[in-house]
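Here is the structure we will look at, set down as structure tokens.
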Amino acid sequence: MSAKCLGRNLINAFTVLMLVTVVWTSGLISAKAQDANTIVMKNFDFSPMMLSVKAGTTVTWKNLDGEPHTVVSPDGVFRSHALDQGDAFTFKFDKPGTYKYICSIHPKMRAAIIVQ
Amino acid sequence: MSSDLKYIESRRGALKCMAFGGAGTLFVLSAGILTPVNLALGASKESAGSVTGTPLFLQISDTHIGFNKEANPDVAGTLKETISFVNAMPVKPALTIHTGDITHLSKPEEFDMAQQLLSGLSITELHTVPGEHDVTDGGGAEYFSRFGQASANKGYYSFDHNGVHFIGLVNVMNFKPNGLGALGEDQLAWLEQDLKGRSASTPIVVFAHMPMWTIFEPWGWGTGDADQAMSYLRRFGSVTVLNGHIHQIVQKVEGNITFHTARSTAYPQPTAGNGPGPGPLKVPSDQLPKMLGVTSIKILSHPQVASLTDTTLV
């Protein structure tokens, strides 16, 4: 192969390798975010804001923010302690229904669990 | 000067008056405009106390005992440094006001540590109001079991010191849906009653955790029903509102009312809107002590102005 040819082939191979890596990594990331039945507090938001689960499922909340948050059902169904960065809270949903909740310190943070 | 006089006639006149004492940055009211006047720090220890009458008091805020993440892995250490700094002040303030977030997670051991550290202050009189971090769990049981006596566990109370009327308010027990703090009807009714019949020349100092004016609503930096409280305070000749919560200094002047938020002794926060939210801001470790500190306040009677001095650890 000429030098030009070799160069171009190398660039192509490199590009393909990068693309594959990006696709594979993003696949890993989205798989992680979809960790079954886990909600994260990140940048003062609950993510995902709406989660559907089957009755009998245990849902986990994890605080990734530097600021503590809480998970509070205004209807009194569940209430976490103050969750520092890295802390988690779990609750088992036995009864079907829609469960709205907020962070009691930052009540603009609102989300819901739909139990079927 | 008559008790109805709200404004200083001239800058020169004000300076003449203040030459008797005072240090730091003085805010002088003249023709409705507040201008900062940096006084020479030559005022001696003797003159600082004598003519002005009311001795200094100190505001400390947002100590967040229990926080241990990147922005400051040693908040107990920076609080100790702050206390040493205060203890070394040439004119010792008469009392200390803590404007809340004493602890980070309302835990008993955090309150224990905070009280232990604060007892190291050479200023023995301490008045507190809670921050939202102090009352997150158990309806504030831990905070009130330790600091509730002054307010019969209501959170709000008032006291007098050297002719100045101090009012502690609580605006972190019930948040508005938009994230702003709230005082509530009971507290507002109490405040109206507390102020009734007081002479307008009584200097007032109000202290509460959340800002009593809206600094930045998207981050909950404000108190939803503060306007009603301010309406009761407007007739007074000198009102100083001291808040915390935002871990940085923001000031506003409205007529005779000076609003001021204090730095934290634990960690700084981003300025309004400059980040994903009002969380801890990590800065290079040599920068940190420059962003932590306390505020000294003096209430002068002649002319009737409040003098606020913000100092950092470094």
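Residue numbers start at 1 in each chain; chains themselves are named A, B, ... in the order of the structure tokens; ligands are numbered from 1 in the order shown.
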(request) Could you list, as a PyMOL selection string, the residues of chain A having an atom within 7 Å of chain B when counting only C-alpha atoms? (result) chain A and resi 43-44+66-67+81-82+105-108
(message) Based on the backbone DSSP call, show me all residues of chain A assigned strand (DSSP E), as number ranges by chain.
(response) A: 38-42, 45-47, 50-53, 57-63, 88-93, 97-102, 110-115
Deliver the residues from the most recent selection as a file, using C-alpha atoms, as a compact mmCIF listing (two decimals), in the first residue's frame.
```
# COMPACT_ATOMS: atom_id res chain seq x y z
CA THR A 38 -33.94 3.32 40.63
CA ILE A 39 -34.53 7.05 40.69
CA VAL A 40 -31.70 9.52 41.09
CA MET A 41 -31.70 13.04 42.49
CA LYS A 42 -29.41 14.97 40.20
CA ASP A 45 -34.48 16.95 39.76
CA PHE A 46 -35.88 13.47 40.28
CA SER A 47 -34.88 11.36 37.31
CA MET A 50 -42.35 9.24 36.19
CA LEU A 51 -41.68 5.58 36.91
CA SER A 52 -44.05 2.69 36.34
CA VAL A 53 -43.60 -0.45 38.40
CA THR A 57 -41.68 -3.74 43.60
CA THR A 58 -39.11 -2.02 45.79
CA VAL A 59 -38.06 1.36 44.42
CA THR A 60 -34.68 2.88 45.29
CA TRP A 61 -33.88 6.60 45.34
CA LYS A 62 -30.27 7.72 45.29
CA ASN A 63 -29.04 11.27 45.92
CA ALA A 88 -30.24 5.99 49.31
CA PHE A 89 -33.83 5.37 50.37
CA THR A 90 -36.03 2.43 49.46
CA PHE A 91 -39.75 1.79 49.63
CA LYS A 92 -41.78 -1.26 48.64
CA PHE A 93 -44.99 -0.49 46.75
CA GLY A 97 -52.01 3.51 42.41
CA THR A 98 -50.29 6.77 41.54
CA TYR A 99 -47.95 8.04 44.23
CA LYS A 100 -46.85 11.65 43.90
CA TYR A 101 -43.90 12.79 45.94
CA ILE A 102 -41.63 15.79 46.43
CA ARG A 110 -41.82 16.79 41.99
CA ALA A 111 -42.27 13.28 40.60
CA ALA A 112 -44.54 10.25 40.73
CA ILE A 113 -44.51 6.46 40.85
CA ILE A 114 -47.26 4.56 39.04
CA VAL A 115 -47.85 1.15 40.53
```
(request) Skip Thr311 of chain B itself and residues of its chain fewer than 2 positions away, then list as a ChimeraX atom specification all residues within 12 Å of it, counting only C-alpha atoms. (result) /B:24-25,58-60,82,85-86,89,248-249,262-265,289-297,308-309,313-314
(request) Considering only C-alpha atoms, state which residue in the set A:Ala36, A:Val72, A:Val16, A:Leu64 is at the smallest distance from Asp87 of chain A. (result)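 Looking at the shortest contact to Asp87 of chain A, the residue is A:Leu64.
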(message) Give me, as a ChimeraX atom specification, the residues of chain A that a backbone DSSP run labels helix (DSSP H, G or I).
(response) /A:3-33
For the selection just defined, write its residues with N, CA and C atoms to a file, as a short mmCIF file (atom, residue, chain, number, x, y, z; two decimals), in the first residue's frame.
```cif
data_model
loop_
_atom_site.label_atom_id
_atom_site.label_comp_id
_atom_site.auth_asym_id
_atom_site.auth_seq_id
_atom_site.Cartn_x
_atom_site.Cartn_y
_atom_site.Cartn_z
N ALA A 3 1.84 5.12 1.08
CA ALA A 3 1.76 5.79 2.39
C ALA A 3 0.41 6.48 2.55
N LYS A 4 -0.03 7.09 1.46
CA LYS A 4 -1.31 7.82 1.51
C LYS A 4 -2.44 6.83 1.83
N CYS A 5 -2.40 5.71 1.13
CA CYS A 5 -3.42 4.68 1.30
C CYS A 5 -3.42 4.18 2.74
N LEU A 6 -2.20 3.88 3.23
CA LEU A 6 -2.06 3.34 4.59
C LEU A 6 -2.61 4.36 5.60
N GLY A 7 -2.21 5.62 5.36
CA GLY A 7 -2.67 6.70 6.26
C GLY A 7 -4.19 6.76 6.31
N ARG A 8 -4.79 6.72 5.15
CA ARG A 8 -6.24 6.83 5.08
C ARG A 8 -6.89 5.63 5.75
N ASN A 9 -6.34 4.46 5.53
CA ASN A 9 -6.90 3.25 6.15
C ASN A 9 -6.82 3.33 7.66
N LEU A 10 -5.70 3.86 8.12
CA LEU A 10 -5.53 3.98 9.58
C LEU A 10 -6.57 4.94 10.16
N ILE A 11 -6.75 6.05 9.46
CA ILE A 11 -7.73 7.04 9.93
C ILE A 11 -9.12 6.43 9.95
N ASN A 12 -9.44 5.72 8.89
CA ASN A 12 -10.75 5.07 8.83
C ASN A 12 -10.92 4.08 9.97
N ALA A 13 -9.89 3.27 10.16
CA ALA A 13 -9.97 2.25 11.22
C ALA A 13 -10.15 2.93 12.58
N PHE A 14 -9.40 3.99 12.78
CA PHE A 14 -9.48 4.73 14.05
C PHE A 14 -10.90 5.29 14.27
N THR A 15 -11.44 5.89 13.20
CA THR A 15 -12.79 6.46 13.28
C THR A 15 -13.80 5.39 13.65
N VAL A 16 -13.68 4.25 12.96
CA VAL A 16 -14.62 3.16 13.24
C VAL A 16 -14.49 2.72 14.69
N LEU A 17 -13.24 2.59 15.14
CA LEU A 17 -12.99 2.17 16.52
C LEU A 17 -13.63 3.16 17.50
N MET A 18 -13.46 4.46 17.24
CA MET A 18 -14.04 5.50 18.12
C MET A 18 -15.55 5.41 18.13
N LEU A 19 -16.14 5.24 16.93
CA LEU A 19 -17.60 5.15 16.84
C LEU A 19 -18.11 3.97 17.65
N VAL A 20 -17.43 2.85 17.46
CA VAL A 20 -17.86 1.64 18.18
C VAL A 20 -17.77 1.87 19.69
N THR A 21 -16.67 2.52 20.10
CA THR A 21 -16.50 2.78 21.54
C THR A 21 -17.60 3.67 22.07
N VAL A 22 -17.90 4.73 21.28
CA VAL A 22 -18.94 5.67 21.73
C VAL A 22 -20.28 4.97 21.86
N VAL A 23 -20.60 4.18 20.85
CA VAL A 23 -21.90 3.49 20.86
C VAL A 23 -21.96 2.51 22.03
N TRP A 24 -20.87 1.79 22.22
CA TRP A 24 -20.83 0.79 23.29
C TRP A 24 -20.94 1.44 24.64
N THR A 25 -20.18 2.57 24.83
CA THR A 25 -20.20 3.27 26.11
C THR A 25 -21.58 3.86 26.40
N SER A 26 -22.16 4.49 25.37
CA SER A 26 -23.48 5.10 25.61
C SER A 26 -24.49 4.00 25.90
N GLY A 27 -24.26 2.83 25.31
CA GLY A 27 -25.16 1.71 25.62
C GLY A 27 -25.04 1.34 27.08
N LEU A 28 -23.80 1.34 27.58
CA LEU A 28 -23.55 1.04 28.99
C LEU A 28 -24.22 2.07 29.89
N ILE A 29 -24.05 3.35 29.51
CA ILE A 29 -24.58 4.45 30.33
C ILE A 29 -26.09 4.36 30.39
N SER A 30 -26.73 4.18 29.25
CA SER A 30 -28.20 4.16 29.29
C SER A 30 -28.67 2.92 30.03
N ALA A 31 -27.91 1.84 29.90
CA ALA A 31 -28.30 0.64 30.64
C ALA A 31 -28.22 0.93 32.14
N LYS A 32 -27.16 1.67 32.56
CA LYS A 32 -27.00 1.97 33.97
C LYS A 32 -28.14 2.86 34.48
N ALA A 33 -28.49 3.90 33.69
CA ALA A 33 -29.55 4.81 34.12
C ALA A 33 -30.87 4.07 34.24
#
```
(request) For Pro93 of chain B, please output as a PyMOL selection string all residues within 7 Å (counting only C-alpha atoms; exclusion window: fewer than 5 positions along the same chain). (result) chain B and resi 55-58+123
(request) Find the residues around segment 108-111 of chain B up to 6 Å (only C-alpha atoms counted), leave out those fewer than 2 positions away in its own chain, and share them as a VMD selection string. (result) chain B and resid 65 to 66 103 113 to 114
(request) Can you work out the spacing between atom CA of Lys298 of chain B and atom CA of Gln149 of chain B in Å, to one decimal? (result) 26.4 Å
(message) Could you check the closest approach to His64 of chain B for each of A:Cys103, A:Asn37, A:Pro68, A:Gly86 and tell me which residue wins, using only C-alpha atoms?
(response) A:Pro68
